[in-house]
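Shown next, in structure tokens, is the structure this report addresses.
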Amino acid sequence: MADLSTQKILFTQDQIWEKAKEIGKQITEDYKGEEVVLLCTLKGAILWMGDIMKNIDLDTQIDFVCASSYGSGTSTSGIVKITKDVDMDLFNKHVLIIEDIIDTGTTLKYLQDYLKERNPKSVKICSLLDKPARRIADVQGDYIGFTIDDLFVIGYGLDYDQRYRNLPYISYLEG
């Protein structure tokens, strides 16, 4: 396990919470009078979804999906696998994908297209982090917490080989 004592904290828990309040207010305004399905991408977005949903003043439903193109490495395999599908009917509903990070965009673009086949009213993306330097798929977030450089980030739900998700802040692994 890496020594995190010298790691730089990119975003504190308080900074993340403040950003969730700001985005939650914007989502409430954008969907005023509508119901929204918050679709959490497992496993990394759980903490972010909790923060976002506490700050949305609308009728909401939640569901979960698990899709990945990483496996246990630090770079995408390019092959997307859905290992846990959405349970609810998304027909004619506003769907807001709650994501931990938009990196290459491969998984998120696949998921976005996959969900559109279910004829929702809309599909938008709310991501804690955006890393545009590595983008290869044509996908953009609608609500972005923070834009970051090309770092391998950990903490606040984000992992390296299933570790570090429990850190109460966002940091990164070096080299």
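Here, A, B, ... name the chains of the structure tokens in the order displayed, residue numbers run from 1 inside each chain, and ligands are numbered from 1 in the same displayed order.
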
List every residue of range 2-175 of chain A that DSSP, applied to the backbone of this structure, assigns to strand (DSSP E), and report them as a VMD selection string.
chain A and resid 36 to 41 60 to 68 81 to 84 94 to 102 122 to 130 143 to 147 152 to 154 171 to 173

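Residue neighbourhood of range 34-38 of chain A, excluding near-sequence residues (fewer than 4 positions): Leu58, Asp59, Thr60, Gln61, Ile62, Asp63, Lys93, His94, Val95, Leu96, Ile97 and Ile98 of chain A, at 7 Å, using only C-alpha atoms.
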
Requested write-out: N, CA and C atoms of the selected residues, as a PDB file, in the first residue's frame:
```
ATOM      1  N   LEU A  58     -35.992  18.367  -4.921  1.00  0.00           N
ATOM      2  CA  LEU A  58     -36.931  17.855  -5.923  1.00  0.00           C
ATOM      3  C   LEU A  58     -37.323  16.440  -5.544  1.00  0.00           C
ATOM      4  N   ASP A  59     -38.380  15.930  -6.185  1.00  0.00           N
ATOM      5  CA  ASP A  59     -38.677  14.515  -6.065  1.00  0.00           C
ATOM      6  C   ASP A  59     -37.593  13.764  -6.836  1.00  0.00           C
ATOM      7  N   THR A  60     -36.969  12.819  -6.166  1.00  0.00           N
ATOM      8  CA  THR A  60     -35.926  12.040  -6.822  1.00  0.00           C
ATOM      9  C   THR A  60     -36.139  10.559  -6.574  1.00  0.00           C
ATOM     10  N   GLN A  61     -35.645   9.784  -7.491  1.00  0.00           N
ATOM     11  CA  GLN A  61     -35.521   8.343  -7.322  1.00  0.00           C
ATOM     12  C   GLN A  61     -34.042   8.042  -7.532  1.00  0.00           C
ATOM     13  N   ILE A  62     -33.575   6.946  -6.960  1.00  0.00           N
ATOM     14  CA  ILE A  62     -32.186   6.571  -7.176  1.00  0.00           C
ATOM     15  C   ILE A  62     -32.096   5.136  -7.687  1.00  0.00           C
ATOM     16  N   ASP A  63     -31.059   4.908  -8.449  1.00  0.00           N
ATOM     17  CA  ASP A  63     -30.738   3.567  -8.911  1.00  0.00           C
ATOM     18  C   ASP A  63     -29.232   3.519  -9.110  1.00  0.00           C
ATOM     19  N   LYS A  93     -38.339   9.566 -18.344  1.00  0.00           N
ATOM     20  CA  LYS A  93     -37.852  10.141 -17.080  1.00  0.00           C
ATOM     21  C   LYS A  93     -36.571  10.928 -17.332  1.00  0.00           C
ATOM     22  N   HIS A  94     -36.363  11.946 -16.512  1.00  0.00           N
ATOM     23  CA  HIS A  94     -35.096  12.673 -16.540  1.00  0.00           C
ATOM     24  C   HIS A  94     -34.075  11.843 -15.775  1.00  0.00           C
ATOM     25  N   VAL A  95     -32.995  11.469 -16.442  1.00  0.00           N
ATOM     26  CA  VAL A  95     -31.951  10.658 -15.823  1.00  0.00           C
ATOM     27  C   VAL A  95     -30.703  11.517 -15.675  1.00  0.00           C
ATOM     28  N   LEU A  96     -30.182  11.544 -14.471  1.00  0.00           N
ATOM     29  CA  LEU A  96     -28.943  12.262 -14.193  1.00  0.00           C
ATOM     30  C   LEU A  96     -27.917  11.239 -13.721  1.00  0.00           C
ATOM     31  N   ILE A  97     -26.949  10.944 -14.596  1.00  0.00           N
ATOM     32  CA  ILE A  97     -25.876  10.006 -14.251  1.00  0.00           C
ATOM     33  C   ILE A  97     -24.953  10.704 -13.262  1.00  0.00           C
ATOM     34  N   ILE A  98     -24.780  10.103 -12.102  1.00  0.00           N
ATOM     35  CA  ILE A  98     -23.867  10.643 -11.098  1.00  0.00           C
ATOM     36  C   ILE A  98     -22.571   9.856 -11.212  1.00  0.00           C
TER      37      ILE A  98
END
```

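Proximity to Pro132 in chain A at 9 Å, evaluated using only C-alpha atoms and with sequence-adjacent residues fewer than 4 positions away removed, yields Ile102, Asp103, Thr104, Gly105, Ile136, Thr147, Ile148, Asp149 and Asp150 of chain A.
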
Enumerate the residues of range 71-126 of chain A with a DSSP assignment of alpha helix (DSSP H), computed from the backbone, and present them as a PyMOL selection string.
chain A and resi 106-116

How would the residues just picked look written out with C-alpha atoms as a compact mmCIF listing (two decimals), in the first residue's frame?
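As a result, selection_1.txt now contains:
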```
# COMPACT_ATOMS: atom_id res chain seq x y z
CA THR A 106 -15.15 5.62 -22.99
CA THR A 107 -17.31 4.09 -20.26
CA LEU A 108 -19.51 7.13 -19.82
CA LYS A 109 -20.20 7.53 -23.56
CA TYR A 110 -21.14 3.85 -23.77
CA LEU A 111 -23.41 4.19 -20.74
CA GLN A 112 -25.02 7.37 -22.04
CA ASP A 113 -25.84 5.73 -25.39
CA TYR A 114 -27.02 2.55 -23.63
CA LEU A 115 -29.43 4.53 -21.43
CA LYS A 116 -30.80 6.55 -24.35
```

By how many Å are CA of Lys121 in chain A and CA of Val86 in chain A apart?
16.0 Å

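Every protein, DNA or RNA residue with an atom at most 8 Å from Glu99 in chain A, where only C-alpha atoms count and chain neighbours fewer than 5 positions away do not, is listed here: Cys40, Thr41, Gly44, Ala45, Trp48, Ile125, Cys126, Ser127 and Leu128 of chain A.
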
Counting only C-alpha atoms, the residue among A:Leu42, A:Ile52, A:Leu151, A:Ala137 that lies closest to Trp17 in chain A is A:Ile52

From the options A:Asp142, A:Asp14, A:Asp100, A:Glu117, which residue's atoms come nearest to Ile154 in chain A, counting only C-alpha atoms?
A:Asp100

Please tabulate, as a tab-separated table, the residues of range 49-163 of chain A that come within 6 Å of range 20-31 of chain A, each with its closest pair of atoms and the distance in Å to one decimal, counting only C-alpha atoms and ordering rows by chain, then residue number upward.
```
residue	atom	partner	partner_atom	distance
A:Asp51	CA	A:Ala20	CA	5.9
A:Ile52	CA	A:Ala20	CA	5.2
A:Asn55	CA	A:Gly24	CA	4.6
A:Ile56	CA	A:Gly24	CA	4.7
A:Asp57	CA	A:Thr28	CA	5.7
```

I need the residues from that last selection saved to file as a tab-separated table (two decimals), in the first residue's frame (with N, CA, C and O atoms), if you can.
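Result file again21.tsv:
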```
chain	number	residue	atom	x	y	z
A	51	ASP	N	-23.79	13.28	-1.40
A	51	ASP	CA	-23.69	14.72	-1.22
A	51	ASP	C	-24.63	15.48	-2.15
A	51	ASP	O	-25.30	16.43	-1.75
A	52	ILE	N	-24.67	15.06	-3.41
A	52	ILE	CA	-25.54	15.73	-4.39
A	52	ILE	C	-27.00	15.59	-4.00
A	52	ILE	O	-27.75	16.57	-3.96
A	55	ASN	N	-28.60	17.79	-1.48
A	55	ASN	CA	-28.69	19.19	-1.86
A	55	ASN	C	-29.65	19.45	-3.02
A	55	ASN	O	-29.66	20.54	-3.57
A	56	ILE	N	-30.45	18.46	-3.38
A	56	ILE	CA	-31.46	18.63	-4.43
A	56	ILE	C	-32.83	18.70	-3.76
A	56	ILE	O	-33.21	17.79	-3.02
A	57	ASP	N	-33.55	19.75	-4.05
A	57	ASP	CA	-34.88	19.94	-3.47
A	57	ASP	C	-35.94	19.62	-4.53
A	57	ASP	O	-36.66	20.50	-5.00
```

Between A:Phe91, A:Phe11, A:Phe64, A:Tyr143, which one has atoms that come closest to Ser171 in chain A, using only C-alpha atoms?
A:Phe11
